[in-house]
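Below: the structure, in structure tokens.
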Amino acid sequence: MNKLCLASAPLNGRSGHEAGRLLLQQLYREETGLDCPDIQVSPRGKPFFAESNLYFSISHTPAHVFCVLSHVPVGIDAEEIGRPVNLTLADKILSSSEKARFAASSDKRVALLRMWVLKEAAVKCTGEGLRGYPNHTNFSPDDPRVFERDGCYVAIITDGGENHAV
């Protein structure tokens with residue numbers, strides 16, 4: 001298996017949880033040839049494999065599910081490209097450096113969505129979860145770890161912060 005494996009699928013009437021687990025099982029089987037091991041949840045809510053040296057993360061939107069499998073801790077988040085965004089959230093969720101990049105952006109809605117998926121992917125990677133306002137990061141709307149797939153902005157962050165545009 002490569003360092004990072006990504007799969008996506010439409011929800012097709014399934015819940016995001018159900019579709020995510022099915023996609024994870026499929027991806028694990030394709031990459032390892034084995035059945036997906038049991039999943040446990042950390043005290044802060046981060047799911048992990050009970051008996052595997054692999055890490056995973058799942059994200060879903062109203063229409064799609066995304067799953068990433070990796071040899072290092074990983075987080076993924078996705079948002080539909082056309083979804084409405086309340087731009088006043090920028091004041092609460094962006095750090096001062098991010099606010100400056102946001103203010104300079106020609107498309108504020110896109111800038112906020114792209115920085116949001118990075119923030120979500122980062123807290124999924126660390127297992128911190130979203131507690132309060134995630135305004136302690138230093139992301140940019142043009143960060144190469146955000147890419148478009150299936151009509152969504154998708155961000156993948158690993159425990160080293162490497163660039164993983166797929």
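Note on naming: chains are A, B, ... as they come in the structure tokens, residues start from 1 per chain, ligands start from 1 in the order shown.
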
Using only C-alpha atoms, which residues sit within 12 Å of segment 2-11 of chain A once same-chain residues fewer than 5 positions away are excluded, as an mmCIF file with N, CA and C atoms, in the first residue's frame?
```cif
data_model
loop_
_atom_site.group_PDB
_atom_site.id
_atom_site.type_symbol
_atom_site.label_atom_id
_atom_site.label_comp_id
_atom_site.auth_asym_id
_atom_site.auth_seq_id
_atom_site.Cartn_x
_atom_site.Cartn_y
_atom_site.Cartn_z
ATOM 1 N N GLY A 16 -24.473 8.996 6.028
ATOM 2 C CA GLY A 16 -23.033 9.212 5.895
ATOM 3 C C GLY A 16 -22.241 8.200 6.697
ATOM 4 N N HIS A 17 -22.742 7.844 7.881
ATOM 5 C CA HIS A 17 -22.055 6.863 8.722
ATOM 6 C C HIS A 17 -22.011 5.500 8.032
ATOM 7 N N GLU A 18 -23.162 5.055 7.550
ATOM 8 C CA GLU A 18 -23.232 3.752 6.886
ATOM 9 C C GLU A 18 -22.348 3.725 5.637
ATOM 10 N N ALA A 19 -22.476 4.739 4.800
ATOM 11 C CA ALA A 19 -21.688 4.791 3.571
ATOM 12 C C ALA A 19 -20.192 4.875 3.878
ATOM 13 N N GLY A 20 -19.826 5.611 4.920
ATOM 14 C CA GLY A 20 -18.422 5.734 5.301
ATOM 15 C C GLY A 20 -17.821 4.429 5.754
ATOM 16 N N ARG A 21 -18.562 3.689 6.572
ATOM 17 C CA ARG A 21 -18.059 2.401 7.056
ATOM 18 C C ARG A 21 -17.921 1.402 5.913
ATOM 19 N N LEU A 22 -18.903 1.389 4.994
ATOM 20 C CA LEU A 22 -18.812 0.487 3.841
ATOM 21 C C LEU A 22 -17.625 0.839 2.951
ATOM 22 N N LEU A 23 -17.410 2.135 2.740
ATOM 23 C CA LEU A 23 -16.281 2.568 1.915
ATOM 24 C C LEU A 23 -14.956 2.215 2.591
ATOM 25 N N LEU A 24 -14.884 2.390 3.906
ATOM 26 C CA LEU A 24 -13.667 2.020 4.638
ATOM 27 C C LEU A 24 -13.394 0.522 4.516
ATOM 28 N N GLN A 25 -14.420 -0.299 4.667
ATOM 29 C CA GLN A 25 -14.241 -1.746 4.535
ATOM 30 C C GLN A 25 -13.730 -2.116 3.148
ATOM 31 N N GLN A 26 -14.304 -1.490 2.125
ATOM 32 C CA GLN A 26 -13.885 -1.746 0.746
ATOM 33 C C GLN A 26 -12.445 -1.310 0.521
ATOM 34 N N LEU A 27 -12.096 -0.114 0.967
ATOM 35 C CA LEU A 27 -10.748 0.414 0.778
ATOM 36 C C LEU A 27 -9.726 -0.438 1.520
ATOM 37 N N TYR A 28 -10.041 -0.833 2.745
ATOM 38 C CA TYR A 28 -9.116 -1.653 3.528
ATOM 39 C C TYR A 28 -8.864 -2.987 2.826
ATOM 40 N N ARG A 29 -9.934 -3.607 2.342
ATOM 41 C CA ARG A 29 -9.817 -4.899 1.653
ATOM 42 C C ARG A 29 -8.986 -4.750 0.375
ATOM 43 N N GLU A 30 -9.258 -3.691 -0.398
ATOM 44 C CA GLU A 30 -8.504 -3.472 -1.649
ATOM 45 C C GLU A 30 -7.028 -3.249 -1.381
ATOM 46 N N GLU A 31 -6.707 -2.537 -0.317
ATOM 47 C CA GLU A 31 -5.313 -2.166 -0.052
ATOM 48 C C GLU A 31 -4.528 -3.245 0.686
ATOM 49 N N THR A 32 -5.203 -4.058 1.501
ATOM 50 C CA THR A 32 -4.478 -5.033 2.317
ATOM 51 C C THR A 32 -4.805 -6.483 1.965
ATOM 52 N N ASN A 53 -1.859 -1.421 11.979
ATOM 53 C CA ASN A 53 -0.895 -0.315 11.971
ATOM 54 C C ASN A 53 -1.325 0.773 10.990
ATOM 55 N N LEU A 54 -2.563 0.717 10.512
ATOM 56 C CA LEU A 54 -3.069 1.720 9.581
ATOM 57 C C LEU A 54 -4.016 2.685 10.287
ATOM 58 N N TYR A 55 -4.095 3.883 9.745
ATOM 59 C CA TYR A 55 -4.975 4.930 10.250
ATOM 60 C C TYR A 55 -5.984 5.264 9.166
ATOM 61 N N PHE A 56 -7.115 5.817 9.571
ATOM 62 C CA PHE A 56 -8.133 6.196 8.597
ATOM 63 C C PHE A 56 -8.881 7.427 9.064
ATOM 64 N N SER A 57 -9.572 8.038 8.128
ATOM 65 C CA SER A 57 -10.470 9.144 8.431
ATOM 66 C C SER A 57 -11.571 9.123 7.389
ATOM 67 N N ILE A 58 -12.761 9.510 7.807
ATOM 68 C CA ILE A 58 -13.931 9.524 6.933
ATOM 69 C C ILE A 58 -14.612 10.872 7.043
ATOM 70 N N SER A 59 -15.116 11.356 5.925
ATOM 71 C CA SER A 59 -15.918 12.587 5.906
ATOM 72 C C SER A 59 -17.064 12.381 4.935
ATOM 73 N N HIS A 60 -18.184 13.018 5.225
ATOM 74 C CA HIS A 60 -19.287 12.953 4.264
ATOM 75 C C HIS A 60 -19.969 14.309 4.153
ATOM 76 N N THR A 61 -20.552 14.522 3.013
ATOM 77 C CA THR A 61 -21.349 15.705 2.716
ATOM 78 C C THR A 61 -22.779 15.204 2.526
ATOM 79 N N PRO A 62 -23.716 16.072 2.201
ATOM 80 C CA PRO A 62 -25.072 15.571 1.942
ATOM 81 C C PRO A 62 -25.164 14.593 0.774
ATOM 82 N N ALA A 63 -24.154 14.591 -0.111
ATOM 83 C CA ALA A 63 -24.242 13.740 -1.297
ATOM 84 C C ALA A 63 -23.108 12.725 -1.447
ATOM 85 N N HIS A 64 -21.985 12.924 -0.780
ATOM 86 C CA HIS A 64 -20.815 12.066 -0.998
ATOM 87 C C HIS A 64 -20.151 11.663 0.313
ATOM 88 N N VAL A 65 -19.393 10.561 0.229
ATOM 89 C CA VAL A 65 -18.575 10.121 1.339
ATOM 90 C C VAL A 65 -17.142 9.963 0.834
ATOM 91 N N PHE A 66 -16.185 10.288 1.708
ATOM 92 C CA PHE A 66 -14.765 10.204 1.387
ATOM 93 C C PHE A 66 -14.068 9.444 2.506
ATOM 94 N N CYS A 67 -13.096 8.629 2.136
ATOM 95 C CA CYS A 67 -12.355 7.844 3.115
ATOM 96 C C CYS A 67 -10.886 7.846 2.716
ATOM 97 N N VAL A 68 -10.016 7.997 3.698
ATOM 98 C CA VAL A 68 -8.579 7.946 3.461
ATOM 99 C C VAL A 68 -7.969 6.938 4.425
ATOM 100 N N LEU A 69 -6.999 6.176 3.918
ATOM 101 C CA LEU A 69 -6.293 5.153 4.671
ATOM 102 C C LEU A 69 -4.808 5.487 4.571
ATOM 103 N N SER A 70 -4.075 5.377 5.691
ATOM 104 C CA SER A 70 -2.692 5.839 5.710
ATOM 105 C C SER A 70 -1.870 5.060 6.737
ATOM 106 N N HIS A 71 -0.538 5.134 6.589
ATOM 107 C CA HIS A 71 0.382 4.551 7.567
ATOM 108 C C HIS A 71 0.711 5.532 8.677
ATOM 109 N N VAL A 72 0.251 6.764 8.577
ATOM 110 C CA VAL A 72 0.462 7.786 9.605
ATOM 111 C C VAL A 72 -0.902 8.376 9.967
ATOM 112 N N PRO A 73 -1.033 8.964 11.157
ATOM 113 C CA PRO A 73 -2.311 9.594 11.505
ATOM 114 C C PRO A 73 -2.758 10.561 10.407
ATOM 115 N N VAL A 74 -4.065 10.533 10.129
ATOM 116 C CA VAL A 74 -4.594 11.275 8.991
ATOM 117 C C VAL A 74 -5.978 11.822 9.323
ATOM 118 N N GLY A 75 -6.302 12.947 8.710
ATOM 119 C CA GLY A 75 -7.632 13.520 8.826
ATOM 120 C C GLY A 75 -8.102 13.981 7.466
ATOM 121 N N ILE A 76 -9.401 13.814 7.197
ATOM 122 C CA ILE A 76 -9.984 14.257 5.935
ATOM 123 C C ILE A 76 -11.259 15.027 6.235
ATOM 124 N N ASP A 77 -11.508 16.040 5.444
ATOM 125 C CA ASP A 77 -12.800 16.722 5.497
ATOM 126 C C ASP A 77 -13.194 17.121 4.091
ATOM 127 N N ALA A 78 -14.510 17.190 3.875
ATOM 128 C CA ALA A 78 -15.048 17.564 2.568
ATOM 129 C C ALA A 78 -16.280 18.441 2.757
ATOM 130 N N GLU A 148 -10.285 19.505 -5.456
ATOM 131 C CA GLU A 148 -11.680 19.276 -5.818
ATOM 132 C C GLU A 148 -11.872 17.835 -6.263
ATOM 133 N N ARG A 149 -12.951 17.229 -5.743
ATOM 134 C CA ARG A 149 -13.302 15.865 -6.157
ATOM 135 C C ARG A 149 -14.803 15.673 -5.936
ATOM 136 N N ASP A 150 -15.464 15.145 -6.940
ATOM 137 C CA ASP A 150 -16.901 14.852 -6.861
ATOM 138 C C ASP A 150 -17.722 16.071 -6.447
ATOM 139 N N GLY A 151 -17.356 17.240 -6.933
ATOM 140 C CA GLY A 151 -18.108 18.448 -6.622
ATOM 141 C C GLY A 151 -17.881 18.981 -5.218
ATOM 142 N N CYS A 152 -16.789 18.551 -4.594
ATOM 143 C CA CYS A 152 -16.489 18.949 -3.220
ATOM 144 C C CYS A 152 -15.067 19.498 -3.111
ATOM 145 N N VAL A 154 -11.984 19.026 -0.822
ATOM 146 C CA VAL A 154 -11.518 17.968 0.069
ATOM 147 C C VAL A 154 -10.128 18.353 0.568
ATOM 148 N N ALA A 155 -9.909 18.180 1.868
ATOM 149 C CA ALA A 155 -8.582 18.412 2.449
ATOM 150 C C ALA A 155 -8.154 17.163 3.186
ATOM 151 N N ILE A 156 -6.891 16.807 3.011
ATOM 152 C CA ILE A 156 -6.294 15.685 3.740
ATOM 153 C C ILE A 156 -5.039 16.206 4.428
ATOM 154 N N ILE A 157 -4.968 15.961 5.732
ATOM 155 C CA ILE A 157 -3.796 16.366 6.504
ATOM 156 C C ILE A 157 -3.291 15.140 7.249
ATOM 157 N N THR A 158 -1.988 14.929 7.194
ATOM 158 C CA THR A 158 -1.373 13.832 7.928
ATOM 159 C C THR A 158 -0.537 14.378 9.060
ATOM 160 N N ASP A 159 -0.048 13.484 9.872
ATOM 161 C CA ASP A 159 0.705 13.839 11.068
ATOM 162 C C ASP A 159 2.012 14.553 10.745
ATOM 163 N N GLU A 162 2.174 16.916 5.420
ATOM 164 C CA GLU A 162 2.623 16.834 4.041
ATOM 165 C C GLU A 162 1.513 17.223 3.062
ATOM 166 N N ASN A 163 1.925 17.580 1.871
ATOM 167 C CA ASN A 163 0.969 17.917 0.803
ATOM 168 C C ASN A 163 0.426 16.627 0.222
ATOM 169 N N HIS A 164 -0.915 16.487 0.265
ATOM 170 C CA HIS A 164 -1.521 15.251 -0.207
ATOM 171 C C HIS A 164 -2.615 15.486 -1.227
ATOM 172 N N ALA A 165 -2.503 16.504 -2.043
ATOM 173 C CA ALA A 165 -3.517 16.684 -3.089
ATOM 174 C C ALA A 165 -3.520 15.444 -3.971
ATOM 175 N N VAL A 166 -4.705 14.885 -4.163
ATOM 176 C CA VAL A 166 -4.825 13.630 -4.908
ATOM 177 C C VAL A 166 -5.552 13.879 -6.210
#
```

Could you write out, as a ChimeraX atom specification, all the residues of chain A that DSSP marks as strand (DSSP E or B)?
/A:4-10,39-41,47-49,55-60,64-70,74-80,146-149,152-158

Find the spatial neighbours of Arg83 of chain A, counting only C-alpha atoms, within a cut-off of 10 Å - ignore same-chain residues fewer than 2 positions away - and output them as a ChimeraX atom specification.
/A:61-62,79-81,85,109-110,113,152

As an exercise, work out the distance from atom CA of Glu128 of chain A to atom CA of Lys92 of chain A in Å and give it to one decimal place.
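Atom CA of Glu128 of chain A sits 18.2 Å away from atom CA of Lys92 of chain A.
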
Name all residues at most 9 Å from Ile39 of chain A (count only C-alpha atoms; drop same-chain ones fewer than 3 positions away) and give them as a PyMOL selection string.
chain A and resi 36+47-51

Those in segment 5-103 of chain A with alpha helix (DSSP H) from DSSP, as a VMD selection string:
chain A and resid 16 to 32 89 to 93 96 to 103

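Atom CA of Ser15 of chain A sits 23.3 Å away from atom CA of Leu118 of chain A.
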
Which is closer to Lys124 of chain A than all the others in A:Phe139, A:Ser105, A:Ser52, A:Arg44, using only C-alpha atoms?
A:Arg44

Tell me which of A:Pro37, A:Tyr153, A:Leu87, A:Arg14 sits closest to Ala121 of chain A, counting only C-alpha atoms.
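Among the listed residues, A:Tyr153 lies closest to Ala121 of chain A.
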